[in-house]
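Dumped protein-v6.txt below, it's compact mmCIF, C-alpha atoms and all ligand atoms:
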```txt
# COMPACT_ATOMS: atom_id res chain seq x y z
CA MET A 1401 0.00 0.00 0.00
CA HIS A 1402 1.54 3.31 -1.14
CA ARG A 1403 5.01 1.80 -0.93
CA ASP A 1404 6.30 4.05 -3.70
CA ASP A 1405 5.89 7.03 -1.38
CA PHE A 1406 8.74 5.67 0.77
CA PRO A 1407 12.02 5.65 -1.20
CA ILE A 1408 14.00 4.23 1.75
CA LEU A 1409 12.14 0.91 1.32
CA THR A 1410 13.66 0.23 -2.10
CA GLN A 1411 17.13 -0.45 -0.71
CA HIS A 1412 18.90 -3.74 -0.11
CA VAL A 1413 20.39 -4.68 3.26
CA HIS A 1414 23.13 -7.32 3.36
CA GLY A 1415 22.35 -7.97 -0.31
CA LYS A 1416 18.66 -8.70 0.39
CA PRO A 1417 15.63 -6.47 -0.23
CA LEU A 1418 14.86 -4.55 2.94
CA VAL A 1419 11.75 -5.73 4.79
CA TYR A 1420 11.11 -3.10 7.44
CA LEU A 1421 9.08 -4.49 10.34
CA ASP A 1422 10.29 -2.17 13.11
CA ASN A 1423 7.59 0.46 12.77
CA ALA A 1424 6.65 0.59 16.44
CA ALA A 1425 10.14 2.00 17.06
CA THR A 1426 9.77 4.50 14.24
CA THR A 1427 8.03 4.61 10.86
CA GLN A 1428 9.64 5.55 7.57
CA LYS A 1429 8.76 8.92 6.05
CA PRO A 1430 6.88 9.51 2.79
CA THR A 1431 8.33 11.99 0.29
CA ALA A 1432 5.45 14.33 1.16
CA VAL A 1433 7.02 14.72 4.62
CA THR A 1434 10.68 14.91 3.58
CA ASP A 1435 9.73 17.40 0.82
CA ALA A 1436 7.87 19.49 3.39
CA ILE A 1437 10.98 19.72 5.58
CA VAL A 1438 13.11 20.83 2.62
CA GLU A 1439 10.39 23.27 1.55
CA ALA A 1440 10.28 24.80 5.02
CA TYR A 1441 14.02 25.39 5.19
CA THR A 1442 14.34 26.57 1.60
CA THR A 1443 11.31 28.84 1.31
CA TRP A 1444 9.85 30.15 4.56
CA ASN A 1445 12.15 29.46 7.50
CA ALA A 1446 12.03 32.19 10.17
CA ASN A 1447 11.45 32.20 13.91
CA ILE A 1448 7.77 32.34 14.74
CA HIS A 1449 5.43 34.48 16.89
CA ARG A 1450 5.78 38.22 17.36
CA GLY A 1451 7.53 38.53 13.99
CA THR A 1452 6.55 41.55 11.90
CA HIS A 1453 8.25 40.38 8.73
CA HIS A 1454 6.79 38.22 5.99
CA LEU A 1455 8.70 34.98 6.57
CA SER A 1456 7.99 35.01 10.29
CA ILE A 1457 4.30 35.53 9.64
CA VAL A 1458 4.25 32.63 7.16
CA ALA A 1459 6.15 30.36 9.56
CA THR A 1460 3.79 31.26 12.40
CA GLU A 1461 0.78 30.46 10.22
CA LYS A 1462 2.23 27.07 9.24
CA HIS A 1463 2.91 26.18 12.89
CA GLU A 1464 -0.54 27.21 14.06
CA GLN A 1465 -2.27 25.53 11.11
CA ALA A 1466 -0.46 22.32 12.06
CA ARG A 1467 -1.74 22.68 15.63
CA ALA A 1468 -5.31 23.05 14.33
CA LEU A 1469 -4.88 20.07 12.00
CA LEU A 1470 -3.57 17.88 14.82
CA ALA A 1471 -6.38 19.00 17.11
CA SER A 1472 -8.89 17.87 14.52
CA PHE A 1473 -6.94 14.65 13.79
CA ILE A 1474 -7.23 13.49 17.40
CA GLY A 1475 -10.68 14.98 17.90
CA ALA A 1476 -9.76 17.76 20.36
CA ALA A 1477 -12.29 20.51 20.98
CA GLU A 1478 -9.86 23.32 20.09
CA PRO A 1479 -6.26 23.87 18.93
CA GLU A 1480 -5.32 25.47 22.26
CA GLU A 1481 -5.63 22.03 23.83
CA ILE A 1482 -2.62 20.83 21.81
CA VAL A 1483 0.81 21.45 23.35
CA PHE A 1484 3.76 20.67 21.09
CA THR A 1485 6.54 18.72 22.80
CA ARG A 1486 9.58 16.73 21.68
CA GLY A 1487 7.48 13.56 21.73
CA THR A 1488 5.52 11.19 23.95
CA THR A 1489 8.30 11.00 26.52
CA GLU A 1490 8.50 14.75 26.96
CA SER A 1491 4.69 14.99 27.01
CA LEU A 1492 4.52 12.51 29.88
CA ASN A 1493 7.35 14.23 31.75
CA LEU A 1494 5.61 17.58 31.32
CA LEU A 1495 2.34 16.15 32.57
CA ALA A 1496 3.86 14.26 35.51
CA PHE A 1497 5.76 17.36 36.60
CA SER A 1498 3.03 19.97 36.17
CA PHE A 1499 0.15 17.81 37.31
CA GLY A 1500 2.28 16.68 40.24
CA GLU A 1501 3.07 20.26 41.24
CA ALA A 1502 -0.60 21.19 41.16
CA PHE A 1503 -2.33 18.14 42.57
CA VAL A 1504 -0.06 15.53 44.16
CA SER A 1505 1.15 15.53 47.73
CA GLU A 1506 2.41 13.06 50.30
CA GLY A 1507 0.33 9.88 50.51
CA ASP A 1508 -1.46 10.45 47.20
CA GLU A 1509 -1.64 7.68 44.63
CA ILE A 1510 -1.07 7.36 40.91
CA VAL A 1511 -2.18 4.34 38.90
CA VAL A 1512 -0.46 2.87 35.82
CA SER A 1513 -0.54 -0.65 34.36
CA THR A 1514 1.95 -3.52 34.18
CA LEU A 1515 2.40 -3.18 30.45
CA GLU A 1516 3.43 0.46 30.24
CA HIS A 1517 6.42 1.77 28.32
CA HIS A 1518 9.13 3.19 30.63
CA SER A 1519 8.02 6.66 29.48
CA ASN A 1520 4.72 6.08 31.23
CA ILE A 1521 6.34 4.68 34.37
CA VAL A 1522 9.52 6.57 35.20
CA PRO A 1523 8.14 10.16 35.15
CA TRP A 1524 5.42 9.01 37.59
CA GLN A 1525 7.99 7.20 39.74
CA MET A 1526 10.07 10.37 39.84
CA LEU A 1527 7.00 12.36 40.83
CA CYS A 1528 6.16 9.83 43.56
CA GLU A 1529 9.70 10.09 44.90
CA ARG A 1530 9.56 13.88 44.90
CA LYS A 1531 6.17 14.07 46.58
CA LYS A 1532 6.29 10.88 48.67
CA ALA A 1533 3.31 9.57 46.73
CA VAL A 1534 2.56 5.95 45.86
CA LEU A 1535 2.57 4.32 42.42
CA LYS A 1536 -0.01 1.55 42.03
CA VAL A 1537 -0.11 -0.92 39.17
CA ILE A 1538 -3.04 -2.57 37.38
CA PRO A 1539 -2.05 -6.26 37.21
CA LEU A 1540 -2.24 -8.60 34.23
CA ARG A 1541 -4.26 -11.78 34.00
CA ASP A 1542 -2.65 -15.01 32.84
CA ASP A 1543 -3.79 -14.33 29.29
CA LEU A 1544 -1.94 -10.97 29.40
CA THR A 1545 -5.12 -8.90 29.37
CA LEU A 1546 -5.33 -6.11 31.94
CA ASP A 1547 -7.13 -7.25 35.06
CA ILE A 1548 -9.73 -4.53 34.89
CA ASP A 1549 -11.65 -6.13 37.75
CA ALA A 1550 -8.76 -5.17 40.02
CA LEU A 1551 -9.04 -1.50 39.10
CA PRO A 1552 -11.90 -0.44 41.40
CA GLY A 1553 -9.87 -1.79 44.32
CA LEU A 1554 -6.87 0.33 43.27
CA LEU A 1555 -8.84 3.57 42.96
CA THR A 1556 -9.15 5.27 46.34
CA GLN A 1557 -9.87 8.76 47.61
CA HIS A 1558 -6.09 9.36 47.35
CA THR A 1559 -5.86 8.49 43.64
CA LYS A 1560 -4.95 11.61 41.65
CA ILE A 1561 -4.52 10.31 38.11
CA VAL A 1562 -4.54 7.10 36.04
CA SER A 1563 -2.16 6.83 33.08
CA VAL A 1564 -2.39 3.90 30.64
CA ALA A 1565 -1.42 2.95 27.10
CA LEU A 1566 -4.17 2.45 24.55
CA VAL A 1567 -1.99 -0.01 22.62
CA SER A 1568 0.84 -2.02 24.20
CA ASN A 1569 4.14 -1.36 22.43
CA VAL A 1570 5.26 -4.93 23.18
CA LEU A 1571 2.16 -7.07 22.67
CA GLY A 1572 0.34 -4.79 20.25
CA THR A 1573 -2.86 -5.46 22.20
CA VAL A 1574 -5.59 -2.83 22.44
CA GLN A 1575 -6.34 -2.00 26.06
CA PRO A 1576 -9.82 -1.47 27.58
CA VAL A 1577 -9.16 2.24 28.00
CA GLN A 1578 -12.82 3.16 27.66
CA GLU A 1579 -13.67 1.05 30.68
CA ILE A 1580 -10.71 2.44 32.63
CA ILE A 1581 -11.88 6.00 31.89
CA ARG A 1582 -15.41 5.14 32.97
CA LEU A 1583 -14.26 3.64 36.28
CA ALA A 1584 -11.89 6.55 36.97
CA HIS A 1585 -14.39 9.26 36.03
CA GLU A 1586 -17.04 7.73 38.29
CA ARG A 1587 -14.60 8.66 41.04
CA HIS A 1588 -13.68 12.06 39.50
CA ILE A 1589 -10.15 10.87 38.69
CA PRO A 1590 -8.58 12.11 35.42
CA VAL A 1591 -7.05 9.69 32.92
CA CYS A 1592 -4.04 10.15 30.65
CA VAL A 1593 -3.92 7.90 27.57
CA ASP A 1594 -0.52 7.05 26.10
CA GLY A 1595 -1.40 6.98 22.42
CA ALA A 1596 2.14 6.50 21.06
CA GLN A 1597 1.22 3.12 19.54
CA ALA A 1598 -2.44 3.89 18.92
CA ALA A 1599 -2.37 7.12 16.93
CA PRO A 1600 -0.38 5.52 14.07
CA HIS A 1601 -2.87 2.66 13.66
CA LEU A 1602 -6.36 3.49 14.93
CA PRO A 1603 -8.81 6.34 14.46
CA VAL A 1604 -8.53 8.35 17.67
CA SER A 1605 -11.03 10.77 19.15
CA VAL A 1606 -10.04 12.18 22.52
CA ARG A 1607 -13.51 13.64 22.90
CA ALA A 1608 -15.29 10.36 22.13
CA MET A 1609 -12.90 8.58 24.51
CA ASP A 1610 -13.34 11.40 27.01
CA CYS A 1611 -9.74 11.06 28.20
CA ASP A 1612 -8.35 14.06 30.06
CA PHE A 1613 -4.86 13.88 28.53
CA PHE A 1614 -3.46 12.15 25.45
CA VAL A 1615 0.12 11.89 24.20
CA CYS A 1616 1.76 10.73 20.96
CA SER A 1617 4.92 11.10 18.83
CA ALA A 1618 5.12 12.24 15.20
CA HIS A 1619 7.97 9.89 14.29
CA LYS A 1620 5.73 6.85 14.82
CA MET A 1621 3.12 8.42 12.51
CA TYR A 1622 5.20 8.98 9.33
CA GLY A 1623 6.31 12.36 10.67
CA PRO A 1624 9.70 13.72 11.75
CA THR A 1625 11.65 12.88 14.89
CA GLY A 1626 11.77 15.33 17.77
CA ILE A 1627 8.14 16.41 17.85
CA GLY A 1628 4.97 15.14 19.46
CA LEU A 1629 2.06 16.44 21.41
CA LEU A 1630 0.33 16.58 24.74
CA TYR A 1631 -3.43 16.98 24.53
CA GLY A 1632 -5.21 18.14 27.63
CA LYS A 1633 -8.76 19.23 28.21
CA ARG A 1634 -8.72 23.02 28.57
CA SER A 1635 -10.22 22.76 32.05
CA TRP A 1636 -7.22 20.67 33.16
CA LEU A 1637 -4.46 22.50 31.27
CA GLU A 1638 -5.62 25.79 32.76
CA GLN A 1639 -4.94 24.45 36.24
CA LEU A 1640 -1.39 23.23 35.52
CA PRO A 1641 1.71 25.33 36.22
CA PRO A 1642 4.40 25.71 33.53
CA TYR A 1643 6.99 22.97 33.07
CA GLN A 1644 9.95 24.93 31.71
CA GLY A 1645 10.71 28.63 31.86
CA GLY A 1646 12.03 30.81 29.07
CA GLY A 1647 10.91 32.78 26.05
CA GLU A 1648 7.43 32.30 24.60
CA MET A 1649 5.83 30.93 27.76
CA ILE A 1650 5.66 34.32 29.51
CA GLU A 1651 3.27 37.21 29.47
CA HIS A 1652 5.51 39.71 31.31
CA VAL A 1653 8.84 39.35 33.07
CA ARG A 1654 9.71 41.80 35.83
CA TRP A 1655 12.27 41.54 38.63
CA SER A 1656 9.29 41.40 40.91
CA GLY A 1657 8.08 38.23 39.14
CA THR A 1658 6.79 36.73 35.92
CA THR A 1659 3.29 36.22 34.62
CA TYR A 1660 2.64 33.40 32.22
CA ASN A 1661 1.26 33.24 28.70
CA GLN A 1662 -2.11 31.77 27.77
CA LEU A 1663 -2.67 28.19 26.56
CA PRO A 1664 -0.92 26.45 24.94
CA TYR A 1665 2.15 28.73 24.85
CA ARG A 1666 2.54 28.57 28.61
CA PHE A 1667 3.88 25.04 28.09
CA GLU A 1668 6.07 25.78 25.06
CA ALA A 1669 9.17 27.54 26.36
CA GLY A 1670 11.78 28.55 23.79
CA THR A 1671 11.76 28.40 20.00
CA PRO A 1672 9.40 25.58 19.11
CA ASP A 1673 10.19 23.04 16.40
CA TYR A 1674 7.98 24.81 13.90
CA VAL A 1675 9.44 22.88 10.95
CA GLY A 1676 8.71 19.69 12.87
CA SER A 1677 5.14 20.74 13.66
CA TYR A 1678 4.57 21.63 10.01
CA ALA A 1679 5.93 18.26 8.86
CA PHE A 1680 3.87 16.50 11.58
CA GLY A 1681 0.80 18.16 10.05
CA VAL A 1682 1.83 16.99 6.58
CA ALA A 1683 2.25 13.45 7.95
CA VAL A 1684 -1.24 13.29 9.43
CA ARG A 1685 -2.68 14.82 6.27
CA TYR A 1686 -0.92 11.98 4.42
CA MET A 1687 -2.61 9.47 6.75
CA GLN A 1688 -5.96 11.20 6.22
CA THR A 1689 -5.57 11.10 2.45
CA ILE A 1690 -5.16 7.33 2.59
CA GLY A 1691 -7.85 7.15 5.27
CA VAL A 1692 -7.14 6.12 8.86
CA GLU A 1693 -9.95 3.54 8.70
CA THR A 1694 -8.44 2.12 5.50
CA LEU A 1695 -4.91 1.82 6.84
CA SER A 1696 -6.21 0.47 10.12
CA GLN A 1697 -8.16 -2.26 8.33
CA HIS A 1698 -5.16 -3.14 6.14
CA GLU A 1699 -2.86 -3.38 9.17
CA SER A 1700 -5.26 -5.40 11.25
CA GLU A 1701 -5.58 -7.98 8.45
CA LEU A 1702 -1.82 -8.04 8.06
CA ILE A 1703 -1.07 -8.53 11.75
CA ALA A 1704 -3.66 -11.33 11.91
CA TYR A 1705 -1.98 -12.93 8.89
CA ALA A 1706 1.46 -12.60 10.53
CA GLU A 1707 0.17 -14.17 13.73
CA GLN A 1708 -1.44 -17.05 11.89
CA GLN A 1709 1.72 -17.70 9.83
CA LEU A 1710 3.96 -17.47 12.89
CA GLN A 1711 1.93 -20.04 14.75
CA GLN A 1712 2.77 -22.55 12.05
CA VAL A 1713 6.50 -22.21 12.68
CA GLU A 1714 7.72 -24.88 15.05
CA GLY A 1715 8.81 -23.64 18.45
CA VAL A 1716 7.22 -20.19 18.10
CA VAL A 1717 5.14 -18.77 20.95
CA VAL A 1718 3.14 -15.64 20.12
CA TYR A 1719 2.21 -13.57 23.17
CA ALA A 1720 -1.44 -12.64 23.67
CA ALA A 1721 -2.32 -14.86 20.70
CA GLY A 1722 -5.84 -14.41 19.37
CA GLN A 1723 -6.32 -10.98 20.98
CA LYS A 1724 -7.10 -7.82 19.05
CA LYS A 1725 -3.86 -6.12 18.06
CA ALA A 1726 -2.91 -2.88 16.38
CA GLY A 1727 0.34 -2.75 14.47
CA ALA A 1728 2.55 -5.11 16.46
CA LEU A 1729 3.02 -8.52 18.00
CA SER A 1730 5.71 -10.18 20.08
CA PHE A 1731 6.95 -13.74 20.02
CA ASN A 1732 9.76 -16.01 21.12
CA VAL A 1733 11.24 -19.18 19.71
CA TYR A 1734 11.95 -22.34 21.68
CA ASP A 1735 14.31 -25.04 20.40
CA THR A 1736 13.45 -28.74 20.24
CA SER A 1737 14.69 -29.25 23.80
CA GLY A 1738 12.28 -26.52 24.96
CA LYS A 1739 15.04 -23.97 25.61
CA LEU A 1740 14.40 -20.34 24.73
CA VAL A 1741 16.42 -19.12 21.78
CA HIS A 1742 17.67 -15.67 22.76
CA PRO A 1743 15.59 -13.08 20.88
CA PHE A 1744 18.75 -11.18 20.00
CA ASP A 1745 20.04 -14.22 18.05
CA ILE A 1746 16.79 -14.37 16.09
CA GLY A 1747 16.96 -10.64 15.40
CA THR A 1748 20.54 -10.86 14.19
CA LEU A 1749 19.84 -13.81 11.87
CA LEU A 1750 16.79 -12.00 10.47
CA ASP A 1751 18.84 -8.87 9.88
CA ARG A 1752 21.36 -10.88 7.83
CA GLN A 1753 18.43 -11.70 5.54
CA GLY A 1754 17.29 -8.08 5.21
CA ILE A 1755 14.48 -8.29 7.79
CA ALA A 1756 14.35 -5.49 10.36
CA VAL A 1757 12.60 -6.37 13.62
CA ARG A 1758 13.32 -5.29 17.19
CA THR A 1759 14.39 -7.56 20.01
CA GLY A 1760 14.83 -7.03 23.73
CA HIS A 1761 12.75 -5.45 26.47
CA HIS A 1762 11.22 -2.74 24.24
CA CYS A 1763 11.47 -0.22 27.11
CA ALA A 1764 8.87 -2.19 29.05
CA GLU A 1765 10.93 -4.17 31.56
CA PRO A 1766 8.11 -4.75 34.06
CA LEU A 1767 6.08 -6.48 31.33
CA ILE A 1768 9.09 -8.49 30.14
CA ASP A 1769 9.77 -9.53 33.76
CA HIS A 1770 6.14 -10.59 33.99
CA LEU A 1771 6.61 -12.76 30.88
CA GLY A 1772 9.67 -14.31 32.55
CA VAL A 1773 11.90 -14.02 29.49
CA PRO A 1774 14.97 -11.89 28.71
CA GLY A 1775 13.06 -10.19 25.91
CA THR A 1776 10.91 -10.83 22.87
CA VAL A 1777 11.12 -10.48 19.12
CA ARG A 1778 8.69 -7.77 18.05
CA LEU A 1779 7.30 -7.49 14.55
CA SER A 1780 5.58 -4.18 13.89
CA ILE A 1781 3.95 -2.98 10.72
CA ALA A 1782 2.90 0.19 8.96
CA LEU A 1783 0.62 1.01 6.07
CA TYR A 1784 3.31 0.20 3.48
CA ASN A 1785 3.84 -3.38 4.64
CA SER A 1786 2.32 -6.24 2.66
CA THR A 1787 1.67 -9.98 2.87
CA GLU A 1788 4.84 -10.39 0.77
CA ASP A 1789 6.78 -8.75 3.62
CA ILE A 1790 5.26 -11.19 6.10
CA ASP A 1791 6.00 -14.14 3.81
CA ALA A 1792 9.64 -13.00 3.46
CA PHE A 1793 9.85 -12.63 7.22
CA ILE A 1794 8.42 -16.12 7.85
CA LEU A 1795 10.81 -17.68 5.35
CA ALA A 1796 13.75 -15.90 6.98
CA LEU A 1797 12.56 -16.96 10.43
CA ARG A 1798 12.35 -20.60 9.34
CA ARG A 1799 15.90 -20.37 8.00
CA ALA A 1800 17.06 -18.73 11.24
CA THR A 1801 15.52 -21.43 13.43
CA GLN A 1802 17.02 -24.16 11.21
CA MET A 1803 20.45 -22.57 11.51
CA LEU A 1804 20.13 -22.37 15.27
CA ALA A 1805 19.02 -26.01 15.46
N1 LIG A 1901 4.84 5.08 25.00
C1 LIG A 1901 4.77 4.03 24.16
C2 LIG A 1901 3.59 3.09 24.27
C3 LIG A 1901 5.75 3.83 23.21
O1 LIG A 1901 5.68 2.79 22.38
C4 LIG A 1901 6.84 4.74 23.13
C5 LIG A 1901 7.93 4.52 22.16
O2 LIG A 1901 8.18 3.43 21.72
C6 LIG A 1901 6.85 5.82 24.00
C7 LIG A 1901 5.85 5.95 24.93
C8 LIG A 1901 7.95 6.82 23.95
O3 LIG A 1901 7.90 7.52 22.73
P1 LIG A 1901 9.05 8.50 22.29
O4 LIG A 1901 10.33 7.71 22.38
O5 LIG A 1901 8.69 8.89 20.90
O6 LIG A 1901 9.06 9.65 23.24
```
Rewrite the structure from the file as structure tokens, please.
Amino acid sequence: MHRDDFPILTQHVHGKPLVYLDNAATTQKPTAVTDAIVEAYTTWNANIHRGTHHLSIVATEKHEQARALLASFIGAAEPEEIVFTRGTTESLNLLAFSFGEAFVSEGDEIVVSTLEHHSNIVPWQMLCERKKAVLKVIPLRDDLTLDIDALPGLLTQHTKIVSVALVSNVLGTVQPVQEIIRLAHERHIPVCVDGAQAAPHLPVSVRAMDCDFFVCSAHKMYGPTGIGLLYGKRSWLEQLPPYQGGGEMIEHVRWSGTTYNQLPYRFEAGTPDYVGSYAFGVAVRYMQTIGVETLSQHESELIAYAEQQLQQVEGVVVYAAGQKKAGALSFNVYDTSGKLVHPFDIGTLLDRQGIAVRTGHHCAEPLIDHLGVPGTVRLSIALYNSTEDIDAFILALRRATQMLA
């Protein structure tokens, strides 16, 4: 699907055609996006906001148009609810810091789940350390689904926020976020949704979901590296103090003190990545042109095909087999004596055959510990992948397992 838009995919690696199945780490970029970056630097580059000259006005318009486009892409009520950040990680650090300053004190509780990415664990742990608060964790059932029945017991009068991923970056499974939001809201607790692995694959509407915060990264959505967003409901963002100080985020600076700018600029200290925001906008427009429903359908068929093919390879165990997945799955290989083949060895042998997958803990060590393995092999797809890619991957995997036997 639209493979010709991605020139990087035409290359050979180790003499074999590249099969790129590491999209959960980062997606490749269509020429529409790389052209947009060149266009920005060659035709309208200038620092934005407060500029009186032509280029600055154009650059400001492009940046703010991108904000409006992204707001509509994720279904936000207004562009001011979109804060540009360096990516999901910075969004979560911003939120944990600012929300923590405003609302968390000693003895309070924050709830995450067992399958979170480190980005949705460590900033909360740091906050808990700073404020002497407690981090609580939604457990997993044996089938690796979230034990949602345990959630009501974890939500107390001390719970200040719940933060969970919509799609697991390791298992690819879609989490029951709607139910989590319902249970939390019944108790007036806000919910942050980590959409890093959802926004590239599923239609997202923050308003339909009714989450209070949402975060994602452009580079996983065909956009550039170094930019992402934090969505927050206006009513919440207005209550949060700034995260970083500097230019842009102020209203007035006097020796007697500083007053802060309005939303969303209050959270965007310094020169923003306006070329990045513009290219992020171009990337989501690219997704919209194809149709998010269309790419989502294509990917869900492809991941089901990959899972079904993998299960026919001797010694392969697919995690969370049979569950609804978006964009990714994880597996391991066991040899004939039942011993785990180290995922790194599988990854290396696949790479020699031109197949790019990721192996290891995928920045989700608590989940990997739960699985009781040193890591997994993760296959992750994007709109440009095809059944031919999966077939090439399966063939290469069979060769790899034969070599290791
Ligand atoms: N959350 C999830 C679920 C992820 O998959 C990732 C990246 O893999 C992140 C957070 C962190 O994203 P970034 O590295 O773009 O900040």
Taking all atoms listed in the file into account, list the residues no farther than 8 Å from ligand LIG 1901 (chain A), as a PyMOL selection string. chain A and resi 1424-1426+1486-1491+1516-1520+1565-1570+1594-1597+1616-1620+1625-1626+1628+1762-1763
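For the residues A:Thr1573, A:Thr1485, A:Ser1498, A:Ser1737, ranking by smallest atom-to-atom distance to Tyr1665 (chain A) using all atoms listed in the file places A:Thr1485 first.
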One number please: CA of Asn1447 (chain A) to CA of Ala1669 (chain A), in Å, one decimal.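 Spanning CA of Asn1447 (chain A) to CA of Ala1669 (chain A) is a straight-line distance of 13.5 Å.
Considering the residues A:Leu1418, A:Leu1515, A:Ala1502, A:Cys1592 and counting only C-alpha atoms, Gly1572 (chain A) has its shortest atom-to-atom contact with A:Leu1515.
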Which is closer to Arg1607 (chain A) than all the others in A:Ala1679, A:Ala1792, A:Val1593, A:Ile1474, using only C-alpha atoms?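 Among A:Ala1679, A:Ala1792, A:Val1593, A:Ile1474, it is A:Ile1474 that comes nearest to Arg1607 (chain A).
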If I take CA of Glu1699 (chain A) and CA of Glu1788 (chain A), how far is one from the other in Å, to one decimal? 13.4 Å
Which is closer to Glu1506 (chain A) than all the others in A:Arg1530, A:His1402, A:Arg1634, A:Arg1587, using only C-alpha atoms?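 Selected residue with least distance to Glu1506 (chain A): A:Arg1530.
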Any idea what's packed within 9 Å of His1601 (chain A), counting all atoms listed in the file, ignoring anything in its chain fewer than 5 positions away? Could you give it as a tab-separated table (two decimals) with C-alpha atoms, keeping the file's coordinate frame?
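For reference, out.tsv as written:
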```tsv
chain	number	residue	atom	x	y	z
A	1621	MET	CA	3.12	8.42	12.51
A	1692	VAL	CA	-7.14	6.12	8.86
A	1693	GLU	CA	-9.95	3.54	8.70
A	1695	LEU	CA	-4.91	1.82	6.84
A	1696	SER	CA	-6.21	0.47	10.12
A	1697	GLN	CA	-8.16	-2.26	8.33
A	1699	GLU	CA	-2.86	-3.38	9.17
A	1700	SER	CA	-5.26	-5.40	11.25
A	1726	ALA	CA	-2.91	-2.88	16.38
A	1727	GLY	CA	0.34	-2.75	14.47
A	1782	ALA	CA	2.90	0.19	8.96
A	1783	LEU	CA	0.62	1.01	6.07
```
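When CA of Thr1658 (chain A) is paired with CA of Pro1479 (chain A), their separation reads 25.0 Å.
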When you count all atoms listed in the file, which of these residues is closest to Gln1753 (chain A): A:Tyr1622, A:Tyr1420, A:Phe1613, A:Tyr1660?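 Smallest distance to Gln1753 (chain A) is found for A:Tyr1420.
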May I have the residues within 8 Å of Asn1661 (chain A) as a list in words, using all atoms listed in the file and disregarding those fewer than 6 positions away in the same chain?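 Once the adjacent positions are removed, what remains is Glu1648, Met1649, Ile1650 and Glu1651 of chain A.
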Would you mind telling me which residue in A:Phe1499, A:Tyr1686, A:Tyr1674, A:Phe1793 lies nearest to Tyr1441 (chain A) when using only C-alpha atoms?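 Using only C-alpha atoms, Tyr1441 (chain A) sits closest to A:Tyr1674.
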